[in-house]
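Report on one structure; see the data block that follows.
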Amino acid sequence: MRSEAEVPVTVKTRIGIDDEDSYEFLKGFVDIQREAGCHKFIVHARVAILEGLSPKENRSVPPLRYERVFQLKQDLPELEIVLNGGIKTVEQVDEVLKNVDGVMIGRQAYHDPYFLAHLEQYFNPGWSLPDRHRVVLQMIPYIEGELARGERLGRITRHMLGLFTGQPGARTWRRYISENAFKDGAGPEVLIDALDKMPVAA
């Protein structure tokens with residue numbers, strides 16, 4: 001892959017698989033990739049259990065073992081190590097970054113996309129949090145372009161359902177979009193109507 005690609009090759013991996021659940025196994029796997037020239041690893045800090053757990057269960061049932069990822073960075077400081085798995089708060093991100101080079105946010109950003117705004121403000125204190133209503137309005141031109149290319153509204157708005165998480169009216173926002181975005185011919189007016197149903201202070 002390195003000989004054919006013009007961009008760096010990276011690896012995303014779990015810390016182990018089934019019974020191969022040890023730091024020695026993880027480091028051995030990384031060593032092989034390192035010797036082949038890979039220098040960036042995104043490590044989901046759970047073992048993958050292929051026998052007995054569904055993909056959904058694999059995202060939450062195996063325990064998180066951040067210490068293995070931290071040890072990997074300590075033993076191989078020349079590598080870029082990014083931790084993934086179970087990060088839900090800004091404080092967690094800050095703490096983890098004391099031990100590795102980066103953090104990958106997955107489900108938290110999907111369920112609460114505004115979390116990314118809180119992260120930006122935390123690490124750039126002079127940056128002002130954007131108004132959620134304005135965020136929606138700024139999405140309209142993008143949505144119009146995608147609809148013109150044949151995309152369906154619901155495939156875009158499903159990633160916006162959590163935008164008002166923790167705010168007054170969040171349930172109304174989610175319900176209205178869920179009930180209307182997948183209808184034939186649905187367009188940006190669905191978002192405008194959903195905003196109209198939200199409290200002004202959200």
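Labels used: A, B, ... for chains in the order of the structure tokens, numbers from 1 for residues in each chain, and numbers from 1 for ligands as shown.
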Dump as CSV the rows for residues of segment 62-138 of chain A within 12 Å of segment 184-192 of chain A: closest atom pair and distance in Å with one decimal, only C-alpha atoms counted, ordered by chain and rising residue number.
residue,atom,partner,partner_atom,distance
A:His133,CA,A:Ile192,CA,9.5
A:Arg134,CA,A:Ile192,CA,11.1
A:Val135,CA,A:Leu191,CA,11.2
A:Val136,CA,A:Leu191,CA,7.4
A:Leu137,CA,A:Ile192,CA,8.0
A:Gln138,CA,A:Pro188,CA,11.2
Please produce a file of the residues just selected, as a short mmCIF file (atom, residue, chain, number, x, y, z; two decimals), in the first residue's frame, where the atoms kept are N, CA and C atoms.
data_model
loop_
_atom_site.label_atom_id
_atom_site.label_comp_id
_atom_site.auth_asym_id
_atom_site.auth_seq_id
_atom_site.Cartn_x
_atom_site.Cartn_y
_atom_site.Cartn_z
N HIS A 133 -29.52 27.43 16.00
CA HIS A 133 -30.43 27.82 14.93
C HIS A 133 -29.64 28.28 13.69
N ARG A 134 -28.58 29.03 13.93
CA ARG A 134 -27.77 29.53 12.82
C ARG A 134 -27.05 28.37 12.11
N VAL A 135 -26.63 27.39 12.89
CA VAL A 135 -25.99 26.22 12.29
C VAL A 135 -26.94 25.56 11.30
N VAL A 136 -28.20 25.41 11.69
CA VAL A 136 -29.19 24.79 10.80
C VAL A 136 -29.35 25.62 9.53
N LEU A 137 -29.47 26.93 9.67
CA LEU A 137 -29.66 27.79 8.51
C LEU A 137 -28.44 27.75 7.58
N GLN A 138 -27.26 27.62 8.16
CA GLN A 138 -26.05 27.55 7.34
C GLN A 138 -25.96 26.23 6.59
#
Exercise: Glu144 of chain A partners within 10 Å, only C-alpha atoms, chain neighbours under 4 positions left out, as a PDB file with N, CA and C atoms, in the first residue's frame:
ATOM      1  N   MET A 139     -26.700  25.234   7.020  1.00  0.00           N
ATOM      2  CA  MET A 139     -26.725  23.948   6.319  1.00  0.00           C
ATOM      3  C   MET A 139     -27.605  23.977   5.074  1.00  0.00           C
ATOM      4  N   ILE A 140     -28.530  24.937   4.993  1.00  0.00           N
ATOM      5  CA  ILE A 140     -29.520  24.943   3.920  1.00  0.00           C
ATOM      6  C   ILE A 140     -28.889  24.940   2.521  1.00  0.00           C
ATOM      7  N   ALA A 148     -30.345  18.568  -5.156  1.00  0.00           N
ATOM      8  CA  ALA A 148     -30.288  18.763  -6.614  1.00  0.00           C
ATOM      9  C   ALA A 148     -29.510  17.639  -7.293  1.00  0.00           C
ATOM     10  N   ARG A 149     -28.603  17.002  -6.525  1.00  0.00           N
ATOM     11  CA  ARG A 149     -27.832  15.877  -7.074  1.00  0.00           C
ATOM     12  C   ARG A 149     -28.529  14.538  -6.863  1.00  0.00           C
ATOM     13  N   GLU A 151     -29.823  13.372  -3.808  1.00  0.00           N
ATOM     14  CA  GLU A 151     -29.807  12.836  -2.447  1.00  0.00           C
ATOM     15  C   GLU A 151     -31.156  13.057  -1.780  1.00  0.00           C
ATOM     16  N   LEU A 153     -33.413  13.986   1.597  1.00  0.00           N
ATOM     17  CA  LEU A 153     -33.235  14.834   2.767  1.00  0.00           C
ATOM     18  C   LEU A 153     -32.918  14.026   4.025  1.00  0.00           C
ATOM     19  N   GLY A 187     -37.888  18.739   1.481  1.00  0.00           N
ATOM     20  CA  GLY A 187     -36.786  19.661   1.230  1.00  0.00           C
ATOM     21  C   GLY A 187     -36.431  20.454   2.474  1.00  0.00           C
ATOM     22  N   PRO A 188     -35.632  21.502   2.317  1.00  0.00           N
ATOM     23  CA  PRO A 188     -35.161  22.296   3.456  1.00  0.00           C
ATOM     24  C   PRO A 188     -36.281  22.869   4.319  1.00  0.00           C
TER      25      PRO A 188
END
Can you tell me, as a PDB file with N, CA and C atoms, in the first residue's frame, which residues in segment 2-202 of chain A count as helix (DSSP H, G or I) by DSSP?
ATOM      1  N   TYR A  23      -1.578  -7.138  25.938  1.00  0.00           N
ATOM      2  CA  TYR A  23      -0.762  -6.043  25.420  1.00  0.00           C
ATOM      3  C   TYR A  23       0.297  -6.570  24.465  1.00  0.00           C
ATOM      4  N   GLU A  24       0.846  -7.729  24.763  1.00  0.00           N
ATOM      5  CA  GLU A  24       1.887  -8.306  23.919  1.00  0.00           C
ATOM      6  C   GLU A  24       1.364  -8.541  22.499  1.00  0.00           C
ATOM      7  N   PHE A  25       0.122  -9.004  22.389  1.00  0.00           N
ATOM      8  CA  PHE A  25      -0.470  -9.234  21.073  1.00  0.00           C
ATOM      9  C   PHE A  25      -0.625  -7.909  20.324  1.00  0.00           C
ATOM     10  N   LEU A  26      -1.127  -6.889  21.027  1.00  0.00           N
ATOM     11  CA  LEU A  26      -1.319  -5.578  20.403  1.00  0.00           C
ATOM     12  C   LEU A  26       0.010  -5.006  19.918  1.00  0.00           C
ATOM     13  N   LYS A  27       1.006  -5.017  20.773  1.00  0.00           N
ATOM     14  CA  LYS A  27       2.291  -4.446  20.385  1.00  0.00           C
ATOM     15  C   LYS A  27       2.922  -5.233  19.235  1.00  0.00           C
ATOM     16  N   GLY A  28       2.773  -6.555  19.263  1.00  0.00           N
ATOM     17  CA  GLY A  28       3.311  -7.363  18.179  1.00  0.00           C
ATOM     18  C   GLY A  28       2.674  -7.013  16.843  1.00  0.00           C
ATOM     19  N   PHE A  29       1.357  -6.802  16.866  1.00  0.00           N
ATOM     20  CA  PHE A  29       0.648  -6.421  15.646  1.00  0.00           C
ATOM     21  C   PHE A  29       1.129  -5.065  15.142  1.00  0.00           C
ATOM     22  N   VAL A  30       1.250  -4.103  16.062  1.00  0.00           N
ATOM     23  CA  VAL A  30       1.689  -2.764  15.686  1.00  0.00           C
ATOM     24  C   VAL A  30       3.128  -2.800  15.177  1.00  0.00           C
ATOM     25  N   ASP A  31       3.968  -3.608  15.790  1.00  0.00           N
ATOM     26  CA  ASP A  31       5.362  -3.707  15.356  1.00  0.00           C
ATOM     27  C   ASP A  31       5.465  -4.129  13.889  1.00  0.00           C
ATOM     28  N   ILE A  32       4.615  -5.058  13.489  1.00  0.00           N
ATOM     29  CA  ILE A  32       4.632  -5.526  12.097  1.00  0.00           C
ATOM     30  C   ILE A  32       4.305  -4.372  11.150  1.00  0.00           C
ATOM     31  N   GLN A  33       3.280  -3.601  11.484  1.00  0.00           N
ATOM     32  CA  GLN A  33       2.886  -2.471  10.636  1.00  0.00           C
ATOM     33  C   GLN A  33       3.951  -1.366  10.669  1.00  0.00           C
ATOM     34  N   ARG A  34       4.547  -1.167  11.843  1.00  0.00           N
ATOM     35  CA  ARG A  34       5.591  -0.143  11.980  1.00  0.00           C
ATOM     36  C   ARG A  34       6.786  -0.485  11.096  1.00  0.00           C
ATOM     37  N   GLU A  35       7.169  -1.736  11.090  1.00  0.00           N
ATOM     38  CA  GLU A  35       8.310  -2.149  10.275  1.00  0.00           C
ATOM     39  C   GLU A  35       8.015  -2.000   8.776  1.00  0.00           C
ATOM     40  N   PRO A  55     -22.051  -6.859  16.149  1.00  0.00           N
ATOM     41  CA  PRO A  55     -21.287  -5.621  15.951  1.00  0.00           C
ATOM     42  C   PRO A  55     -21.702  -4.526  16.921  1.00  0.00           C
ATOM     43  N   LYS A  56     -23.012  -4.400  17.182  1.00  0.00           N
ATOM     44  CA  LYS A  56     -23.474  -3.387  18.123  1.00  0.00           C
ATOM     45  C   LYS A  56     -22.943  -3.652  19.521  1.00  0.00           C
ATOM     46  N   GLU A  57     -23.000  -4.909  19.963  1.00  0.00           N
ATOM     47  CA  GLU A  57     -22.497  -5.250  21.295  1.00  0.00           C
ATOM     48  C   GLU A  57     -20.996  -5.027  21.397  1.00  0.00           C
ATOM     49  N   ASN A  58     -20.292  -5.241  20.288  1.00  0.00           N
ATOM     50  CA  ASN A  58     -18.844  -5.037  20.289  1.00  0.00           C
ATOM     51  C   ASN A  58     -18.461  -3.584  20.513  1.00  0.00           C
ATOM     52  N   TYR A  66      -7.871   1.685  28.264  1.00  0.00           N
ATOM     53  CA  TYR A  66      -7.055   2.794  27.792  1.00  0.00           C
ATOM     54  C   TYR A  66      -5.585   2.609  28.119  1.00  0.00           C
ATOM     55  N   GLU A  67      -5.326   1.943  29.260  1.00  0.00           N
ATOM     56  CA  GLU A  67      -3.935   1.813  29.698  1.00  0.00           C
ATOM     57  C   GLU A  67      -3.066   1.090  28.675  1.00  0.00           C
ATOM     58  N   ARG A  68      -3.663   0.191  27.893  1.00  0.00           N
ATOM     59  CA  ARG A  68      -2.888  -0.503  26.859  1.00  0.00           C
ATOM     60  C   ARG A  68      -2.472   0.464  25.754  1.00  0.00           C
ATOM     61  N   VAL A  69      -3.375   1.363  25.400  1.00  0.00           N
ATOM     62  CA  VAL A  69      -3.063   2.333  24.363  1.00  0.00           C
ATOM     63  C   VAL A  69      -2.002   3.306  24.872  1.00  0.00           C
ATOM     64  N   PHE A  70      -2.121   3.704  26.128  1.00  0.00           N
ATOM     65  CA  PHE A  70      -1.121   4.592  26.710  1.00  0.00           C
ATOM     66  C   PHE A  70       0.253   3.910  26.740  1.00  0.00           C
ATOM     67  N   GLN A  71       0.267   2.628  27.088  1.00  0.00           N
ATOM     68  CA  GLN A  71       1.521   1.883  27.133  1.00  0.00           C
ATOM     69  C   GLN A  71       2.161   1.798  25.750  1.00  0.00           C
ATOM     70  N   LEU A  72       1.310   1.643  24.746  1.00  0.00           N
ATOM     71  CA  LEU A  72       1.797   1.573  23.364  1.00  0.00           C
ATOM     72  C   LEU A  72       2.538   2.865  23.002  1.00  0.00           C
ATOM     73  N   LYS A  73       1.971   4.000  23.361  1.00  0.00           N
ATOM     74  CA  LYS A  73       2.616   5.283  23.078  1.00  0.00           C
ATOM     75  C   LYS A  73       3.911   5.411  23.861  1.00  0.00           C
ATOM     76  N   GLN A  74       3.893   4.935  25.097  1.00  0.00           N
ATOM     77  CA  GLN A  74       5.091   5.020  25.935  1.00  0.00           C
ATOM     78  C   GLN A  74       6.221   4.172  25.370  1.00  0.00           C
ATOM     79  N   ASP A  75       5.874   2.972  24.877  1.00  0.00           N
ATOM     80  CA  ASP A  75       6.891   2.061  24.349  1.00  0.00           C
ATOM     81  C   ASP A  75       7.355   2.441  22.948  1.00  0.00           C
ATOM     82  N   VAL A  90     -15.577  16.538  27.331  1.00  0.00           N
ATOM     83  CA  VAL A  90     -14.411  17.358  27.024  1.00  0.00           C
ATOM     84  C   VAL A  90     -13.283  17.056  27.999  1.00  0.00           C
ATOM     85  N   GLU A  91     -13.648  16.840  29.247  1.00  0.00           N
ATOM     86  CA  GLU A  91     -12.636  16.558  30.266  1.00  0.00           C
ATOM     87  C   GLU A  91     -11.902  15.255  29.979  1.00  0.00           C
ATOM     88  N   GLN A  92     -12.635  14.251  29.487  1.00  0.00           N
ATOM     89  CA  GLN A  92     -11.991  12.998  29.108  1.00  0.00           C
ATOM     90  C   GLN A  92     -10.979  13.219  27.987  1.00  0.00           C
ATOM     91  N   VAL A  93     -11.368  13.993  27.004  1.00  0.00           N
ATOM     92  CA  VAL A  93     -10.462  14.279  25.888  1.00  0.00           C
ATOM     93  C   VAL A  93      -9.184  14.914  26.418  1.00  0.00           C
ATOM     94  N   ASP A  94      -9.335  15.917  27.273  1.00  0.00           N
ATOM     95  CA  ASP A  94      -8.180  16.617  27.826  1.00  0.00           C
ATOM     96  C   ASP A  94      -7.264  15.667  28.582  1.00  0.00           C
ATOM     97  N   GLU A  95      -7.848  14.773  29.360  1.00  0.00           N
ATOM     98  CA  GLU A  95      -7.054  13.836  30.157  1.00  0.00           C
ATOM     99  C   GLU A  95      -6.330  12.835  29.266  1.00  0.00           C
ATOM    100  N   VAL A  96      -7.031  12.293  28.275  1.00  0.00           N
ATOM    101  CA  VAL A  96      -6.435  11.303  27.385  1.00  0.00           C
ATOM    102  C   VAL A  96      -5.276  11.898  26.593  1.00  0.00           C
ATOM    103  N   ARG A 107     -19.284   7.851  18.287  1.00  0.00           N
ATOM    104  CA  ARG A 107     -20.719   7.915  18.577  1.00  0.00           C
ATOM    105  C   ARG A 107     -21.122   9.183  19.309  1.00  0.00           C
ATOM    106  N   GLN A 108     -20.262   9.723  20.151  1.00  0.00           N
ATOM    107  CA  GLN A 108     -20.619  10.940  20.881  1.00  0.00           C
ATOM    108  C   GLN A 108     -20.920  12.088  19.917  1.00  0.00           C
ATOM    109  N   ALA A 109     -20.114  12.203  18.860  1.00  0.00           N
ATOM    110  CA  ALA A 109     -20.347  13.260  17.881  1.00  0.00           C
ATOM    111  C   ALA A 109     -21.603  12.992  17.061  1.00  0.00           C
ATOM    112  N   TYR A 110     -21.933  11.723  16.885  1.00  0.00           N
ATOM    113  CA  TYR A 110     -23.141  11.387  16.130  1.00  0.00           C
ATOM    114  C   TYR A 110     -24.393  11.702  16.951  1.00  0.00           C
ATOM    115  N   HIS A 111     -24.373  11.321  18.219  1.00  0.00           N
ATOM    116  CA  HIS A 111     -25.542  11.539  19.072  1.00  0.00           C
ATOM    117  C   HIS A 111     -25.677  13.008  19.492  1.00  0.00           C
ATOM    118  N   PHE A 115     -21.284  18.658  20.520  1.00  0.00           N
ATOM    119  CA  PHE A 115     -20.133  18.313  21.360  1.00  0.00           C
ATOM    120  C   PHE A 115     -18.841  18.801  20.711  1.00  0.00           C
ATOM    121  N   LEU A 116     -18.776  18.751  19.394  1.00  0.00           N
ATOM    122  CA  LEU A 116     -17.575  19.194  18.687  1.00  0.00           C
ATOM    123  C   LEU A 116     -17.361  20.692  18.871  1.00  0.00           C
ATOM    124  N   ALA A 117     -18.438  21.447  18.980  1.00  0.00           N
ATOM    125  CA  ALA A 117     -18.317  22.881  19.233  1.00  0.00           C
ATOM    126  C   ALA A 117     -17.760  23.123  20.634  1.00  0.00           C
ATOM    127  N   HIS A 118     -18.220  22.341  21.595  1.00  0.00           N
ATOM    128  CA  HIS A 118     -17.693  22.468  22.960  1.00  0.00           C
ATOM    129  C   HIS A 118     -16.201  22.125  23.010  1.00  0.00           C
ATOM    130  N   LEU A 119     -15.801  21.127  22.245  1.00  0.00           N
ATOM    131  CA  LEU A 119     -14.380  20.785  22.171  1.00  0.00           C
ATOM    132  C   LEU A 119     -13.575  21.944  21.596  1.00  0.00           C
ATOM    133  N   GLU A 120     -14.078  22.518  20.514  1.00  0.00           N
ATOM    134  CA  GLU A 120     -13.374  23.634  19.873  1.00  0.00           C
ATOM    135  C   GLU A 120     -13.192  24.784  20.857  1.00  0.00           C
ATOM    136  N   GLN A 121     -14.244  25.105  21.593  1.00  0.00           N
ATOM    137  CA  GLN A 121     -14.159  26.218  22.537  1.00  0.00           C
ATOM    138  C   GLN A 121     -13.210  25.900  23.686  1.00  0.00           C
ATOM    139  N   TYR A 122     -13.202  24.665  24.141  1.00  0.00           N
ATOM    140  CA  TYR A 122     -12.344  24.280  25.262  1.00  0.00           C
ATOM    141  C   TYR A 122     -10.874  24.459  24.904  1.00  0.00           C
ATOM    142  N   PHE A 123     -10.510  24.042  23.691  1.00  0.00           N
ATOM    143  CA  PHE A 123      -9.107  24.118  23.296  1.00  0.00           C
ATOM    144  C   PHE A 123      -8.752  25.445  22.624  1.00  0.00           C
ATOM    145  N   ARG A 132     -27.209  27.349  17.631  1.00  0.00           N
ATOM    146  CA  ARG A 132     -27.686  26.137  16.957  1.00  0.00           C
ATOM    147  C   ARG A 132     -28.642  26.458  15.813  1.00  0.00           C
ATOM    148  N   HIS A 133     -29.515  27.435  16.001  1.00  0.00           N
ATOM    149  CA  HIS A 133     -30.428  27.818  14.926  1.00  0.00           C
ATOM    150  C   HIS A 133     -29.642  28.275  13.691  1.00  0.00           C
ATOM    151  N   ARG A 134     -28.582  29.031  13.931  1.00  0.00           N
ATOM    152  CA  ARG A 134     -27.768  29.529  12.820  1.00  0.00           C
ATOM    153  C   ARG A 134     -27.054  28.372  12.114  1.00  0.00           C
ATOM    154  N   VAL A 135     -26.627  27.392  12.889  1.00  0.00           N
ATOM    155  CA  VAL A 135     -25.987  26.215  12.291  1.00  0.00           C
ATOM    156  C   VAL A 135     -26.936  25.557  11.298  1.00  0.00           C
ATOM    157  N   VAL A 136     -28.201  25.411  11.686  1.00  0.00           N
ATOM    158  CA  VAL A 136     -29.190  24.791  10.803  1.00  0.00           C
ATOM    159  C   VAL A 136     -29.352  25.621   9.526  1.00  0.00           C
ATOM    160  N   LEU A 137     -29.472  26.929   9.673  1.00  0.00           N
ATOM    161  CA  LEU A 137     -29.662  27.794   8.506  1.00  0.00           C
ATOM    162  C   LEU A 137     -28.441  27.755   7.577  1.00  0.00           C
ATOM    163  N   GLN A 138     -27.264  27.624   8.164  1.00  0.00           N
ATOM    164  CA  GLN A 138     -26.052  27.550   7.341  1.00  0.00           C
ATOM    165  C   GLN A 138     -25.958  26.228   6.586  1.00  0.00           C
ATOM    166  N   MET A 139     -26.700  25.234   7.020  1.00  0.00           N
ATOM    167  CA  MET A 139     -26.725  23.948   6.319  1.00  0.00           C
ATOM    168  C   MET A 139     -27.605  23.977   5.074  1.00  0.00           C
ATOM    169  N   ILE A 140     -28.530  24.937   4.993  1.00  0.00           N
ATOM    170  CA  ILE A 140     -29.520  24.943   3.920  1.00  0.00           C
ATOM    171  C   ILE A 140     -28.889  24.940   2.521  1.00  0.00           C
ATOM    172  N   PRO A 141     -27.916  25.815   2.214  1.00  0.00           N
ATOM    173  CA  PRO A 141     -27.335  25.777   0.865  1.00  0.00           C
ATOM    174  C   PRO A 141     -26.704  24.428   0.527  1.00  0.00           C
ATOM    175  N   TYR A 142     -26.032  23.830   1.507  1.00  0.00           N
ATOM    176  CA  TYR A 142     -25.439  22.503   1.270  1.00  0.00           C
ATOM    177  C   TYR A 142     -26.533  21.486   0.969  1.00  0.00           C
ATOM    178  N   ILE A 143     -27.597  21.512   1.760  1.00  0.00           N
ATOM    179  CA  ILE A 143     -28.701  20.571   1.569  1.00  0.00           C
ATOM    180  C   ILE A 143     -29.337  20.759   0.196  1.00  0.00           C
ATOM    181  N   GLU A 144     -29.549  21.996  -0.198  1.00  0.00           N
ATOM    182  CA  GLU A 144     -30.147  22.259  -1.513  1.00  0.00           C
ATOM    183  C   GLU A 144     -29.276  21.675  -2.631  1.00  0.00           C
ATOM    184  N   GLY A 145     -27.977  21.818  -2.490  1.00  0.00           N
ATOM    185  CA  GLY A 145     -27.069  21.263  -3.483  1.00  0.00           C
ATOM    186  C   GLY A 145     -27.130  19.757  -3.549  1.00  0.00           C
ATOM    187  N   GLU A 146     -27.183  19.125  -2.389  1.00  0.00           N
ATOM    188  CA  GLU A 146     -27.243  17.664  -2.345  1.00  0.00           C
ATOM    189  C   GLU A 146     -28.561  17.141  -2.896  1.00  0.00           C
ATOM    190  N   LEU A 147     -29.661  17.816  -2.580  1.00  0.00           N
ATOM    191  CA  LEU A 147     -30.968  17.409  -3.107  1.00  0.00           C
ATOM    192  C   LEU A 147     -30.982  17.530  -4.629  1.00  0.00           C
ATOM    193  N   ALA A 148     -30.345  18.568  -5.156  1.00  0.00           N
ATOM    194  CA  ALA A 148     -30.288  18.763  -6.614  1.00  0.00           C
ATOM    195  C   ALA A 148     -29.510  17.639  -7.293  1.00  0.00           C
ATOM    196  N   LEU A 153     -33.413  13.986   1.597  1.00  0.00           N
ATOM    197  CA  LEU A 153     -33.235  14.834   2.767  1.00  0.00           C
ATOM    198  C   LEU A 153     -32.918  14.026   4.025  1.00  0.00           C
ATOM    199  N   GLY A 154     -33.642  12.934   4.217  1.00  0.00           N
ATOM    200  CA  GLY A 154     -33.476  12.170   5.448  1.00  0.00           C
ATOM    201  C   GLY A 154     -32.084  11.606   5.655  1.00  0.00           C
ATOM    202  N   ARG A 155     -31.374  11.367   4.560  1.00  0.00           N
ATOM    203  CA  ARG A 155     -30.021  10.832   4.683  1.00  0.00           C
ATOM    204  C   ARG A 155     -29.045  11.898   5.178  1.00  0.00           C
ATOM    205  N   ILE A 156     -29.431  13.147   5.049  1.00  0.00           N
ATOM    206  CA  ILE A 156     -28.612  14.246   5.573  1.00  0.00           C
ATOM    207  C   ILE A 156     -29.050  14.604   6.989  1.00  0.00           C
ATOM    208  N   THR A 157     -30.346  14.767   7.179  1.00  0.00           N
ATOM    209  CA  THR A 157     -30.834  15.250   8.470  1.00  0.00           C
ATOM    210  C   THR A 157     -30.691  14.226   9.587  1.00  0.00           C
ATOM    211  N   ALA A 170     -35.651  19.601  22.330  1.00  0.00           N
ATOM    212  CA  ALA A 170     -34.850  18.629  21.578  1.00  0.00           C
ATOM    213  C   ALA A 170     -35.704  17.475  21.060  1.00  0.00           C
ATOM    214  N   ARG A 171     -36.630  17.007  21.871  1.00  0.00           N
ATOM    215  CA  ARG A 171     -37.483  15.890  21.456  1.00  0.00           C
ATOM    216  C   ARG A 171     -38.378  16.296  20.299  1.00  0.00           C
ATOM    217  N   THR A 172     -38.932  17.509  20.348  1.00  0.00           N
ATOM    218  CA  THR A 172     -39.780  18.009  19.259  1.00  0.00           C
ATOM    219  C   THR A 172     -38.990  18.087  17.958  1.00  0.00           C
ATOM    220  N   TRP A 173     -37.766  18.584  18.042  1.00  0.00           N
ATOM    221  CA  TRP A 173     -36.884  18.682  16.876  1.00  0.00           C
ATOM    222  C   TRP A 173     -36.667  17.310  16.250  1.00  0.00           C
ATOM    223  N   ARG A 174     -36.293  16.345  17.080  1.00  0.00           N
ATOM    224  CA  ARG A 174     -36.014  14.997  16.563  1.00  0.00           C
ATOM    225  C   ARG A 174     -37.259  14.367  15.958  1.00  0.00           C
ATOM    226  N   ARG A 175     -38.364  14.502  16.644  1.00  0.00           N
ATOM    227  CA  ARG A 175     -39.593  13.857  16.178  1.00  0.00           C
ATOM    228  C   ARG A 175     -40.071  14.447  14.863  1.00  0.00           C
ATOM    229  N   TYR A 176     -40.067  15.772  14.760  1.00  0.00           N
ATOM    230  CA  TYR A 176     -40.588  16.399  13.545  1.00  0.00           C
ATOM    231  C   TYR A 176     -39.736  16.013  12.326  1.00  0.00           C
ATOM    232  N   ILE A 177     -38.435  16.045  12.493  1.00  0.00           N
ATOM    233  CA  ILE A 177     -37.568  15.692  11.368  1.00  0.00           C
ATOM    234  C   ILE A 177     -37.707  14.215  11.031  1.00  0.00           C
ATOM    235  N   SER A 178     -37.736  13.359  12.035  1.00  0.00           N
ATOM    236  CA  SER A 178     -37.860  11.920  11.793  1.00  0.00           C
ATOM    237  C   SER A 178     -39.142  11.585  11.059  1.00  0.00           C
ATOM    238  N   GLU A 179     -40.209  12.303  11.370  1.00  0.00           N
ATOM    239  CA  GLU A 179     -41.499  12.013  10.757  1.00  0.00           C
ATOM    240  C   GLU A 179     -41.643  12.604   9.352  1.00  0.00           C
ATOM    241  N   ASN A 180     -40.829  13.586   9.008  1.00  0.00           N
ATOM    242  CA  ASN A 180     -41.052  14.307   7.747  1.00  0.00           C
ATOM    243  C   ASN A 180     -39.898  14.287   6.744  1.00  0.00           C
ATOM    244  N   GLU A 189     -37.474  22.967   3.743  1.00  0.00           N
ATOM    245  CA  GLU A 189     -38.582  23.514   4.533  1.00  0.00           C
ATOM    246  C   GLU A 189     -38.871  22.663   5.767  1.00  0.00           C
ATOM    247  N   VAL A 190     -38.506  21.380   5.719  1.00  0.00           N
ATOM    248  CA  VAL A 190     -38.694  20.524   6.896  1.00  0.00           C
ATOM    249  C   VAL A 190     -37.871  21.060   8.060  1.00  0.00           C
ATOM    250  N   LEU A 191     -36.637  21.460   7.788  1.00  0.00           N
ATOM    251  CA  LEU A 191     -35.783  22.005   8.839  1.00  0.00           C
ATOM    252  C   LEU A 191     -36.302  23.352   9.330  1.00  0.00           C
ATOM    253  N   ILE A 192     -36.761  24.173   8.400  1.00  0.00           N
ATOM    254  CA  ILE A 192     -37.300  25.477   8.790  1.00  0.00           C
ATOM    255  C   ILE A 192     -38.515  25.294   9.683  1.00  0.00           C
ATOM    256  N   ASP A 193     -39.406  24.387   9.293  1.00  0.00           N
ATOM    257  CA  ASP A 193     -40.595  24.129  10.104  1.00  0.00           C
ATOM    258  C   ASP A 193     -40.213  23.576  11.477  1.00  0.00           C
ATOM    259  N   ALA A 194     -39.199  22.715  11.507  1.00  0.00           N
ATOM    260  CA  ALA A 194     -38.753  22.159  12.793  1.00  0.00           C
ATOM    261  C   ALA A 194     -38.185  23.262  13.678  1.00  0.00           C
ATOM    262  N   LEU A 195     -37.431  24.187  13.094  1.00  0.00           N
ATOM    263  CA  LEU A 195     -36.897  25.308  13.866  1.00  0.00           C
ATOM    264  C   LEU A 195     -38.009  26.175  14.425  1.00  0.00           C
ATOM    265  N   ASP A 196     -39.066  26.365  13.632  1.00  0.00           N
ATOM    266  CA  ASP A 196     -40.186  27.188  14.074  1.00  0.00           C
ATOM    267  C   ASP A 196     -40.869  26.617  15.304  1.00  0.00           C
TER     268      ASP A 196
END
(request) Pick out the residues sitting within 9 Å of Gly85 of chain A, and hand them over as a ChimeraX atom specification; count only C-alpha atoms, and ignore anything fewer than 6 positions along from it in its own chain. (result) /A:43-46,59-60,64,66,103-107
Between segment 76-187 of chain A and segment 39-42 of chain A, at 7 Å or less, what are the per-residue closest atom pairs and their distances in Å? Count only C-alpha atoms, order by chain and rising residue number, and return it as a tab-separated table.
residue	atom	partner	partner_atom	distance
A:Leu79	CA	A:His39	CA	5.0
A:Glu80	CA	A:Lys40	CA	4.6
A:Ile81	CA	A:Phe41	CA	5.1
A:Val82	CA	A:Ile42	CA	4.6
A:Leu83	CA	A:Ile42	CA	5.8
A:Asn84	CA	A:Ile42	CA	6.7
